[in-house]
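Source file: my_file-v3.cif; contents: mmCIF, C-alpha atoms and all ligand atoms.
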```cif
data_structure
loop_
_atom_site.label_atom_id
_atom_site.label_comp_id
_atom_site.auth_asym_id
_atom_site.auth_seq_id
_atom_site.Cartn_x
_atom_site.Cartn_y
_atom_site.Cartn_z
CA MET W 1 -2.73 -6.97 27.53
CA THR W 2 -1.79 -9.41 24.81
CA GLN W 3 -4.29 -10.84 22.37
CA LEU W 4 -4.08 -13.58 19.76
CA VAL W 5 -5.18 -12.54 16.28
CA ASN W 6 -5.87 -14.73 13.26
CA THR W 7 -5.83 -13.04 9.91
CA GLN W 8 -4.90 -13.51 6.29
CA ILE W 9 -1.93 -11.61 4.95
CA ASN W 10 -1.16 -11.64 1.23
CA GLY W 11 -3.20 -14.81 0.86
CA ASP W 12 -1.59 -16.73 3.72
CA ALA W 13 -3.24 -17.53 7.03
CA VAL W 14 -1.22 -15.69 9.67
CA GLY W 15 -1.64 -15.73 13.43
CA PHE W 16 0.13 -13.37 15.78
CA ALA W 17 0.00 -12.16 19.34
CA CYS W 18 0.01 -8.42 19.94
CA GLU W 19 -0.78 -5.84 22.56
CA ILE W 20 -4.33 -4.51 22.25
CA ASP W 21 -3.05 -0.98 21.64
CA GLU W 22 -0.45 -1.96 19.06
CA THR W 23 -0.94 -0.63 15.54
CA LEU W 24 -1.28 -2.90 12.54
CA LEU W 25 1.79 -1.13 11.14
CA ASP W 26 3.89 -2.13 14.13
CA VAL W 27 2.50 -5.66 14.04
CA LEU W 28 3.35 -6.05 10.36
CA ARG W 29 6.85 -4.65 10.78
CA ASN W 30 7.84 -6.00 14.18
CA ARG W 31 5.87 -9.20 14.67
CA VAL W 32 5.12 -10.53 11.18
CA GLY W 33 8.39 -9.51 9.56
CA LEU W 34 6.86 -7.48 6.73
CA SER W 35 8.74 -4.19 6.70
CA GLY W 36 7.44 -2.88 3.36
CA ALA W 37 4.90 -0.56 4.96
CA LYS W 38 6.79 2.42 6.37
CA GLU W 39 6.16 4.78 9.25
CA GLY W 40 6.48 8.31 7.97
CA CYS W 41 4.30 10.15 10.45
CA GLY W 42 2.33 7.70 12.58
CA THR W 43 -0.66 10.02 12.47
CA GLY W 44 -2.42 9.22 9.19
CA ASP W 45 -0.93 12.11 7.25
CA CYS W 46 1.67 10.65 4.88
CA GLY W 47 0.35 7.35 3.49
CA ALA W 48 3.71 5.58 3.76
CA CYS W 49 2.08 2.88 5.87
CA SER W 50 -0.77 2.19 3.40
CA VAL W 51 -2.07 -1.36 3.16
CA ILE W 52 -5.31 -2.81 1.83
CA LEU W 53 -7.69 -4.22 4.46
CA ASP W 54 -10.61 -6.24 3.10
CA GLY W 55 -10.25 -4.40 -0.19
CA THR W 56 -10.08 -0.90 1.28
CA LEU W 57 -6.97 1.24 1.43
CA VAL W 58 -6.09 2.13 5.02
CA CYS W 59 -3.27 3.78 6.91
CA SER W 60 -1.97 0.88 8.96
CA CYS W 61 -0.70 3.34 11.57
CA LEU W 62 -4.35 4.17 12.32
CA VAL W 63 -5.55 0.56 12.54
CA LEU W 64 -5.01 -1.66 15.55
CA GLY W 65 -3.47 -5.05 15.02
CA VAL W 66 -6.42 -6.65 16.82
CA GLU W 67 -8.75 -5.12 14.21
CA ALA W 68 -7.22 -7.46 11.63
CA GLU W 69 -8.92 -10.43 13.28
CA GLY W 70 -10.66 -12.49 10.59
CA ARG W 71 -9.80 -9.98 7.85
CA LYS W 72 -7.64 -9.92 4.74
CA VAL W 73 -4.57 -7.73 4.67
CA GLU W 74 -2.63 -6.94 1.51
CA THR W 75 0.83 -5.40 1.76
CA VAL W 76 3.42 -4.40 -0.80
CA GLU W 77 5.19 -7.72 -0.23
CA GLY W 78 2.24 -9.47 -1.89
CA LEU W 79 2.34 -7.41 -5.08
CA SER W 80 4.87 -9.44 -7.03
CA ASP W 81 4.36 -13.06 -8.00
CA GLY W 82 7.69 -14.48 -6.96
CA ALA W 83 10.27 -12.92 -9.26
CA ASP W 84 7.55 -11.51 -11.51
CA LEU W 85 6.92 -7.91 -10.62
CA HIS W 86 3.41 -6.48 -10.57
CA PRO W 87 2.82 -4.13 -13.54
CA LEU W 88 2.77 -1.20 -11.12
CA GLN W 89 6.25 -2.09 -9.90
CA THR W 90 7.52 -2.42 -13.46
CA LYS W 91 6.06 0.93 -14.51
CA PHE W 92 7.36 2.70 -11.41
CA ILE W 93 10.84 1.52 -12.37
CA GLU W 94 10.42 2.40 -16.06
CA HIS W 95 9.14 5.89 -15.25
CA ALA W 96 11.69 6.52 -12.48
CA ALA W 97 8.76 7.13 -10.16
CA LEU W 98 10.83 6.69 -7.02
CA GLN W 99 13.93 8.20 -5.55
CA CYS W 100 14.53 7.51 -1.85
CA GLY W 101 11.70 4.96 -1.93
CA ILE W 102 10.25 5.58 1.52
CA CYS W 103 6.88 6.56 0.09
CA THR W 104 6.84 3.94 -2.66
CA PRO W 105 5.15 0.99 -0.90
CA GLY W 106 2.30 3.28 0.10
CA PHE W 107 1.91 4.69 -3.41
CA LEU W 108 1.94 1.19 -4.89
CA MET W 109 -0.83 0.01 -2.58
CA ALA W 110 -2.89 3.16 -3.12
CA ALA W 111 -2.51 2.74 -6.88
CA LYS W 112 -3.42 -0.93 -6.65
CA ALA W 113 -6.59 -0.07 -4.74
CA LEU W 114 -7.46 2.59 -7.32
CA LEU W 115 -6.95 0.37 -10.37
CA LYS W 116 -8.96 -2.45 -8.86
CA ASN W 117 -11.99 -0.18 -8.66
CA ASN W 118 -11.25 2.01 -11.66
CA PRO W 119 -9.16 0.39 -14.42
CA ASP W 120 -9.26 3.49 -16.64
CA PRO W 121 -8.77 6.48 -14.33
CA THR W 122 -8.30 10.03 -15.56
CA GLU W 123 -5.22 11.93 -14.41
CA GLU W 124 -7.44 13.85 -12.02
CA GLU W 125 -8.80 10.62 -10.56
CA ILE W 126 -5.27 9.27 -10.11
CA ARG W 127 -4.13 12.43 -8.37
CA TYR W 128 -7.20 12.36 -6.14
CA ALA W 129 -6.68 8.69 -5.26
CA LEU W 130 -3.03 9.34 -4.39
CA ALA W 131 -3.70 12.58 -2.51
CA GLY W 132 -3.23 10.85 0.85
CA ASN W 133 0.29 9.78 -0.07
CA LEU W 134 3.13 12.25 0.30
CA CYS W 135 6.41 12.17 -1.60
CA ARG W 136 9.24 14.57 -0.84
CA CYS W 137 11.39 13.53 -3.81
CA THR W 138 9.64 12.97 -7.12
CA GLY W 139 7.30 15.90 -7.59
CA TYR W 140 4.47 13.39 -8.20
CA ASP W 141 4.37 13.65 -12.02
CA LYS W 142 6.43 10.52 -12.61
CA ILE W 143 4.24 8.60 -10.18
CA VAL W 144 1.09 9.72 -11.98
CA ARG W 145 2.64 8.76 -15.36
CA ALA W 146 3.59 5.35 -13.99
CA VAL W 147 0.06 4.71 -12.79
CA GLN W 148 -1.38 5.87 -16.12
CA ALA W 149 1.00 3.54 -17.97
CA THR W 150 0.11 0.66 -15.67
CA ALA W 151 -3.57 1.19 -16.22
CA ALA W 152 -3.08 1.19 -19.99
CA ASP W 153 -0.87 -1.90 -19.75
CA MET W 154 -3.36 -3.80 -17.61
CA ARG W 155 -6.20 -2.89 -19.97
CA GLY W 156 -4.08 -4.16 -22.87
CA SER W 157 -4.27 -0.83 -24.66
S1 LIG G 201 2.79 6.53 8.91
FE1 LIG G 201 0.70 6.16 8.61
S2 LIG G 201 -0.01 7.85 7.47
FE2 LIG G 201 2.06 8.32 7.89
S1 LIG G 202 10.70 8.84 -3.34
FE1 LIG G 202 11.43 9.83 -1.54
S2 LIG G 202 9.63 10.42 -0.50
FE2 LIG G 202 8.92 9.62 -2.37
#
```

Please express what this file holds, its structure, as structure tokens.
Amino acid sequence: MTQLVNTQINGDAVGFACEIDETLLDVLRNRVGLSGAKEGCGTGDCGACSVILDGTLVCSCLVLGVEAEGRKVETVEGLSDGADLHPLQTKFIEHAALQCGICTPGFLMAAKALLKNNPDPTEEEIRYALAGNLCRCTGYDKIVRAVQATAADMRGS
């Protein structure tokens, strides 16, 4: 059964039609044309599909597209302001916090959600906030350093 859904994605009003059992991840990638969120597992274990829904970090593989009705969705595509990268993106590049990049959109969104609520996180808090995101390449340290550097940058310290 197909249902019409009206939502807001990265600040824009977006309407789409989807099957009632279709995940938000599949809707974003296959119907809305936003392929930044990745499917690593499809079962809520890897965080590669992370997006922010009404301010809360979620695994979009565990959310139905119809659940986005009337809600605000933020994806990695909305991080930059045109050609101006978000500080997280800049610091990930500077700290070489990505290799294959499959996990990176999820880490960026998880880090964004963390810094919005906690602009001065400890290393432990960063690692805890990113614990739902798996990376097979970097060993995590560079990602943590990039988030620490972003937090300092955004605080102006
Ligand atoms: S694809 Fe959603 S958590 Fe892995
Ligand atoms: S950079 Fe390859 S999985 Fe994280």

Inset, instruction - Considering all atoms listed in the file, state which residue in the set W:Leu28, W:Ile126, W:Val58, W:Ile143 is at the smallest distance from ligand LIG 201 (chain G). - result: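 Nearest to ligand LIG 201 (chain G): W:Val58.
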
Enumerate, in order of chain and increasing residue number, the residues of chain W with an atom no farther than 7 Å from ligand LIG 202 (chain G), each with its shortest atom pair and distance in Å to one decimal, counting all atoms listed in the file, as a Markdown table.
```
| residue | atom | partner | partner_atom | distance |
| --- | --- | --- | --- | --- |
| W:Leu98 | CA | G:LIG202 | S1 | 4.3 |
| W:Gln99 | CA | G:LIG202 | S1 | 4.0 |
| W:Cys100 | CA | G:LIG202 | FE1 | 3.9 |
| W:Gly101 | CA | G:LIG202 | S1 | 4.2 |
| W:Ile102 | CA | G:LIG202 | S2 | 5.3 |
| W:Cys103 | CA | G:LIG202 | FE2 | 4.4 |
| W:Thr104 | CA | G:LIG202 | FE2 | 6.1 |
| W:Leu134 | CA | G:LIG202 | S2 | 6.8 |
| W:Cys135 | CA | G:LIG202 | FE2 | 3.7 |
| W:Arg136 | CA | G:LIG202 | S2 | 4.2 |
| W:Cys137 | CA | G:LIG202 | FE1 | 4.3 |
| W:Thr138 | CA | G:LIG202 | S1 | 5.7 |
```

Inset, instruction - Mind listing whatever residues come within 12 Å of the point (-9.2, 6.4, -12.2)? Use only C-alpha atoms, file coordinates, and give them as a count of residues only. - result: 27

Within 12 Å of ligand LIG 201 (chain G), which residues of chain W show up? Give each one with its shortest atom-to-atom distance in Å (one decimal) and the two atoms involved, counting all atoms listed in the file, rows by chain then rising residue number, as a Markdown table.
```
| residue | atom | partner | partner_atom | distance |
| --- | --- | --- | --- | --- |
| W:Thr23 | CA | G:LIG201 | FE1 | 9.8 |
| W:Leu24 | CA | G:LIG201 | FE1 | 10.1 |
| W:Leu25 | CA | G:LIG201 | FE1 | 7.8 |
| W:Asp26 | CA | G:LIG201 | S1 | 10.2 |
| W:Gly36 | CA | G:LIG201 | S1 | 11.9 |
| W:Ala37 | CA | G:LIG201 | S1 | 8.4 |
| W:Lys38 | CA | G:LIG201 | S1 | 6.3 |
| W:Glu39 | CA | G:LIG201 | S1 | 3.8 |
| W:Gly40 | CA | G:LIG201 | S1 | 4.2 |
| W:Cys41 | CA | G:LIG201 | FE2 | 3.9 |
| W:Gly42 | CA | G:LIG201 | S1 | 3.9 |
| W:Thr43 | CA | G:LIG201 | S2 | 5.5 |
| W:Gly44 | CA | G:LIG201 | S2 | 3.3 |
| W:Asp45 | CA | G:LIG201 | S2 | 4.4 |
| W:Cys46 | CA | G:LIG201 | FE2 | 3.8 |
| W:Gly47 | CA | G:LIG201 | S2 | 4.0 |
| W:Ala48 | CA | G:LIG201 | FE2 | 5.2 |
| W:Cys49 | CA | G:LIG201 | FE1 | 4.5 |
| W:Ser50 | CA | G:LIG201 | FE1 | 6.7 |
| W:Val51 | CA | G:LIG201 | FE1 | 9.7 |
| W:Leu57 | CA | G:LIG201 | S2 | 11.3 |
| W:Val58 | CA | G:LIG201 | FE1 | 8.7 |
| W:Cys59 | CA | G:LIG201 | FE1 | 4.9 |
| W:Ser60 | CA | G:LIG201 | FE1 | 5.9 |
| W:Cys61 | CA | G:LIG201 | FE1 | 4.3 |
| W:Leu62 | CA | G:LIG201 | FE1 | 6.6 |
| W:Val63 | CA | G:LIG201 | FE1 | 9.3 |
| W:Leu64 | CA | G:LIG201 | FE1 | 11.9 |
| W:Ile102 | CA | G:LIG201 | S1 | 10.5 |
| W:Cys103 | CA | G:LIG201 | FE2 | 9.3 |
| W:Pro105 | CA | G:LIG201 | S1 | 11.5 |
| W:Gly106 | CA | G:LIG201 | S2 | 9.0 |
| W:Phe107 | CA | G:LIG201 | S2 | 11.5 |
| W:Ala110 | CA | G:LIG201 | S2 | 11.9 |
| W:Ala131 | CA | G:LIG201 | S2 | 11.6 |
| W:Gly132 | CA | G:LIG201 | S2 | 7.9 |
| W:Asn133 | CA | G:LIG201 | S2 | 7.8 |
| W:Leu134 | CA | G:LIG201 | FE2 | 8.6 |
| W:Cys135 | CA | G:LIG201 | FE2 | 11.1 |
```

Inset, instruction - Could you tell me how far atom CA of W:Gly65 lies from atom CA of W:Asp12, in Å and to one decimal? - result: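 Distance between the two atoms: 16.4 Å.
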
Inset, instruction - To one decimal in Å, tell me the separation between atom CA of W:Leu4 and atom CA of W:Phe16. - result: 5.8 Å

Legend entry - For W:Glu19: contacts at 7 Å, all atoms listed in the file, fewer than 6 positions along chain excluded, given as a list in words: Met1, Thr2 and Gln3 of chain W

Please put the answer as lines of an AutoDock Vina configuration file: centre and edge lengths, in Å with one decimal, of a box along x, y and z that encloses all listed atoms of stretch 24-36 of chain W plus 3 Å on each side.
```
center_x = 3.7
center_y = -5.8
center_z = 9.0
size_x = 16.0
size_y = 15.4
size_z = 17.3
```

Inset, instruction - May I ask for the distance between atom CA of W:Val14 and atom CA of W:Ala68, given in Å to one decimal place? - result: 10.4 Å

I need stretch 5-151 of chain W from the structure I supplied, saved as an mmCIF file, in the first residue's frame with C-alpha atoms retained.
```cif
data_model
loop_
_atom_site.group_PDB
_atom_site.id
_atom_site.type_symbol
_atom_site.label_atom_id
_atom_site.label_comp_id
_atom_site.auth_asym_id
_atom_site.auth_seq_id
_atom_site.Cartn_x
_atom_site.Cartn_y
_atom_site.Cartn_z
ATOM 1 C CA VAL W 5 4.067 11.717 3.159
ATOM 2 C CA ASN W 6 4.823 15.394 3.708
ATOM 3 C CA THR W 7 7.961 16.198 5.592
ATOM 4 C CA GLN W 8 10.815 18.654 5.830
ATOM 5 C CA ILE W 9 14.239 17.528 4.739
ATOM 6 C CA ASN W 10 17.267 19.738 5.338
ATOM 7 C CA GLY W 11 14.977 22.742 5.648
ATOM 8 C CA ASP W 12 12.981 22.116 2.470
ATOM 9 C CA ALA W 13 9.378 20.947 2.335
ATOM 10 C CA VAL W 14 9.463 17.540 0.662
ATOM 11 C CA GLY W 15 6.569 15.283 -0.269
ATOM 12 C CA PHE W 16 6.950 11.710 -1.394
ATOM 13 C CA ALA W 17 4.920 8.587 -1.923
ATOM 14 C CA CYS W 18 6.192 5.368 -0.375
ATOM 15 C CA GLU W 19 5.086 1.911 0.602
ATOM 16 C CA ILE W 20 3.953 1.726 4.229
ATOM 17 C CA ASP W 21 6.680 -0.801 5.046
ATOM 18 C CA GLU W 22 9.481 1.097 3.323
ATOM 19 C CA THR W 23 12.287 2.379 5.527
ATOM 20 C CA LEU W 24 13.194 6.040 5.746
ATOM 21 C CA LEU W 25 16.656 5.023 4.541
ATOM 22 C CA ASP W 26 15.247 3.538 1.350
ATOM 23 C CA VAL W 27 12.955 6.522 0.863
ATOM 24 C CA LEU W 28 15.834 8.973 1.215
ATOM 25 C CA ARG W 29 18.089 7.020 -1.132
ATOM 26 C CA ASN W 30 15.630 5.743 -3.708
ATOM 27 C CA ARG W 31 12.757 8.214 -3.764
ATOM 28 C CA VAL W 32 14.202 11.540 -2.611
ATOM 29 C CA GLY W 33 17.602 11.197 -4.258
ATOM 30 C CA LEU W 34 19.671 11.699 -1.107
ATOM 31 C CA SER W 35 22.210 8.889 -1.092
ATOM 32 C CA GLY W 36 24.435 10.211 1.709
ATOM 33 C CA ALA W 37 22.963 7.907 4.333
ATOM 34 C CA LYS W 38 24.356 4.426 3.713
ATOM 35 C CA GLU W 39 23.046 0.946 4.368
ATOM 36 C CA GLY W 40 25.721 -0.992 6.192
ATOM 37 C CA CYS W 41 23.610 -3.554 8.010
ATOM 38 C CA GLY W 42 19.931 -2.673 7.751
ATOM 39 C CA THR W 43 19.417 -3.828 11.326
ATOM 40 C CA GLY W 44 20.401 -0.851 13.481
ATOM 41 C CA ASP W 45 23.884 -2.102 14.273
ATOM 42 C CA CYS W 46 26.322 0.027 12.258
ATOM 43 C CA GLY W 47 25.081 3.636 12.254
ATOM 44 C CA ALA W 48 25.939 4.210 8.587
ATOM 45 C CA CYS W 49 22.334 5.236 7.949
ATOM 46 C CA SER W 50 22.203 7.809 10.774
ATOM 47 C CA VAL W 51 20.055 10.889 10.259
ATOM 48 C CA ILE W 52 18.556 13.402 12.671
ATOM 49 C CA LEU W 53 14.768 13.248 13.074
ATOM 50 C CA ASP W 54 13.210 16.154 14.969
ATOM 51 C CA GLY W 55 16.565 16.754 16.641
ATOM 52 C CA THR W 56 17.200 13.143 17.649
ATOM 53 C CA LEU W 57 19.771 10.872 16.061
ATOM 54 C CA VAL W 58 18.125 7.792 14.558
ATOM 55 C CA CYS W 59 19.080 4.854 12.395
ATOM 56 C CA SER W 60 17.040 5.539 9.288
ATOM 57 C CA CYS W 61 17.012 1.810 8.525
ATOM 58 C CA LEU W 62 14.861 1.360 11.647
ATOM 59 C CA VAL W 63 12.414 4.181 10.860
ATOM 60 C CA LEU W 64 9.590 3.881 8.366
ATOM 61 C CA GLY W 65 9.267 6.512 5.695
ATOM 62 C CA VAL W 66 5.665 7.126 6.760
ATOM 63 C CA GLU W 67 6.916 8.014 10.248
ATOM 64 C CA ALA W 68 8.514 11.130 8.769
ATOM 65 C CA GLU W 69 5.080 12.660 8.212
ATOM 66 C CA GLY W 70 5.090 16.216 9.571
ATOM 67 C CA ARG W 71 8.628 15.874 10.959
ATOM 68 C CA LYS W 72 12.022 17.393 10.270
ATOM 69 C CA VAL W 73 14.743 15.221 8.804
ATOM 70 C CA GLU W 74 18.394 16.256 8.650
ATOM 71 C CA THR W 75 20.807 14.314 6.469
ATOM 72 C CA VAL W 76 24.478 14.689 5.671
ATOM 73 C CA GLU W 77 23.546 16.546 2.480
ATOM 74 C CA GLY W 78 22.312 19.435 4.627
ATOM 75 C CA LEU W 79 25.540 19.855 6.574
ATOM 76 C CA SER W 80 27.378 22.159 4.212
ATOM 77 C CA ASP W 81 26.147 25.603 3.257
ATOM 78 C CA GLY W 82 26.601 25.435 -0.483
ATOM 79 C CA ALA W 83 30.342 25.233 -1.085
ATOM 80 C CA ASP W 84 31.074 26.060 2.550
ATOM 81 C CA LEU W 85 31.724 22.884 4.459
ATOM 82 C CA HIS W 86 30.413 22.391 7.979
ATOM 83 C CA PRO W 87 33.241 22.573 10.553
ATOM 84 C CA LEU W 88 32.835 18.839 11.161
ATOM 85 C CA GLN W 89 33.478 18.129 7.494
ATOM 86 C CA THR W 90 36.525 20.388 7.492
ATOM 87 C CA LYS W 91 37.983 18.762 10.602
ATOM 88 C CA PHE W 92 37.313 15.241 9.338
ATOM 89 C CA ILE W 93 39.368 16.116 6.262
ATOM 90 C CA GLU W 94 42.135 17.836 8.252
ATOM 91 C CA HIS W 95 42.431 14.907 10.664
ATOM 92 C CA ALA W 96 42.165 12.244 7.942
ATOM 93 C CA ALA W 97 39.200 10.850 9.854
ATOM 94 C CA LEU W 98 37.931 8.851 6.899
ATOM 95 C CA GLN W 99 39.273 6.225 4.580
ATOM 96 C CA CYS W 100 36.686 4.328 2.525
ATOM 97 C CA GLY W 101 34.037 6.823 3.674
ATOM 98 C CA ILE W 102 31.097 4.453 3.993
ATOM 99 C CA CYS W 103 30.699 5.196 7.683
ATOM 100 C CA THR W 104 31.431 8.916 7.408
ATOM 101 C CA PRO W 105 27.933 10.356 6.821
ATOM 102 C CA GLY W 106 26.694 8.504 9.887
ATOM 103 C CA PHE W 107 29.588 9.700 12.042
ATOM 104 C CA LEU W 108 29.073 13.276 10.879
ATOM 105 C CA MET W 109 25.397 13.219 11.805
ATOM 106 C CA ALA W 110 26.071 11.535 15.151
ATOM 107 C CA ALA W 111 28.737 14.145 15.904
ATOM 108 C CA LYS W 112 26.413 16.941 14.854
ATOM 109 C CA ALA W 113 23.723 15.669 17.206
ATOM 110 C CA LEU W 114 26.268 15.416 20.030
ATOM 111 C CA LEU W 115 27.693 18.919 19.592
ATOM 112 C CA LYS W 116 24.249 20.479 19.408
ATOM 113 C CA ASN W 117 23.473 19.164 22.881
ATOM 114 C CA ASN W 118 26.983 19.251 24.301
ATOM 115 C CA PRO W 119 29.336 21.833 22.757
ATOM 116 C CA ASP W 120 32.242 20.887 25.044
ATOM 117 C CA PRO W 121 32.240 17.082 25.274
ATOM 118 C CA THR W 122 34.963 15.079 26.959
ATOM 119 C CA GLU W 123 36.708 12.371 24.948
ATOM 120 C CA GLU W 124 34.671 9.803 26.868
ATOM 121 C CA GLU W 125 31.439 11.589 25.971
ATOM 122 C CA ILE W 126 32.451 11.703 22.306
ATOM 123 C CA ARG W 127 33.276 8.010 22.266
ATOM 124 C CA TYR W 128 29.992 7.217 24.000
ATOM 125 C CA ALA W 129 28.002 9.361 21.556
ATOM 126 C CA LEU W 130 29.680 7.669 18.593
ATOM 127 C CA ALA W 131 29.450 4.155 20.027
ATOM 128 C CA GLY W 132 26.562 3.271 17.709
ATOM 129 C CA ASN W 133 28.657 4.032 14.631
ATOM 130 C CA LEU W 134 31.068 1.421 13.348
ATOM 131 C CA CYS W 135 34.171 2.080 11.265
ATOM 132 C CA ARG W 136 36.267 -0.714 9.826
ATOM 133 C CA CYS W 137 39.067 1.545 8.580
ATOM 134 C CA THR W 138 40.184 4.357 10.850
ATOM 135 C CA GLY W 139 40.552 2.841 14.298
ATOM 136 C CA TYR W 140 38.302 5.645 15.635
ATOM 137 C CA ASP W 141 41.054 7.847 17.120
ATOM 138 C CA LYS W 142 41.183 10.229 14.161
ATOM 139 C CA ILE W 143 37.406 10.552 14.239
ATOM 140 C CA VAL W 144 37.454 11.399 17.942
ATOM 141 C CA ARG W 145 40.247 13.963 17.364
ATOM 142 C CA ALA W 146 38.266 15.521 14.522
ATOM 143 C CA VAL W 147 35.195 15.888 16.712
ATOM 144 C CA GLN W 148 37.275 17.353 19.548
ATOM 145 C CA ALA W 149 38.833 19.852 17.124
ATOM 146 C CA THR W 150 35.420 20.755 15.727
ATOM 147 C CA ALA W 151 34.032 21.358 19.174
#
```
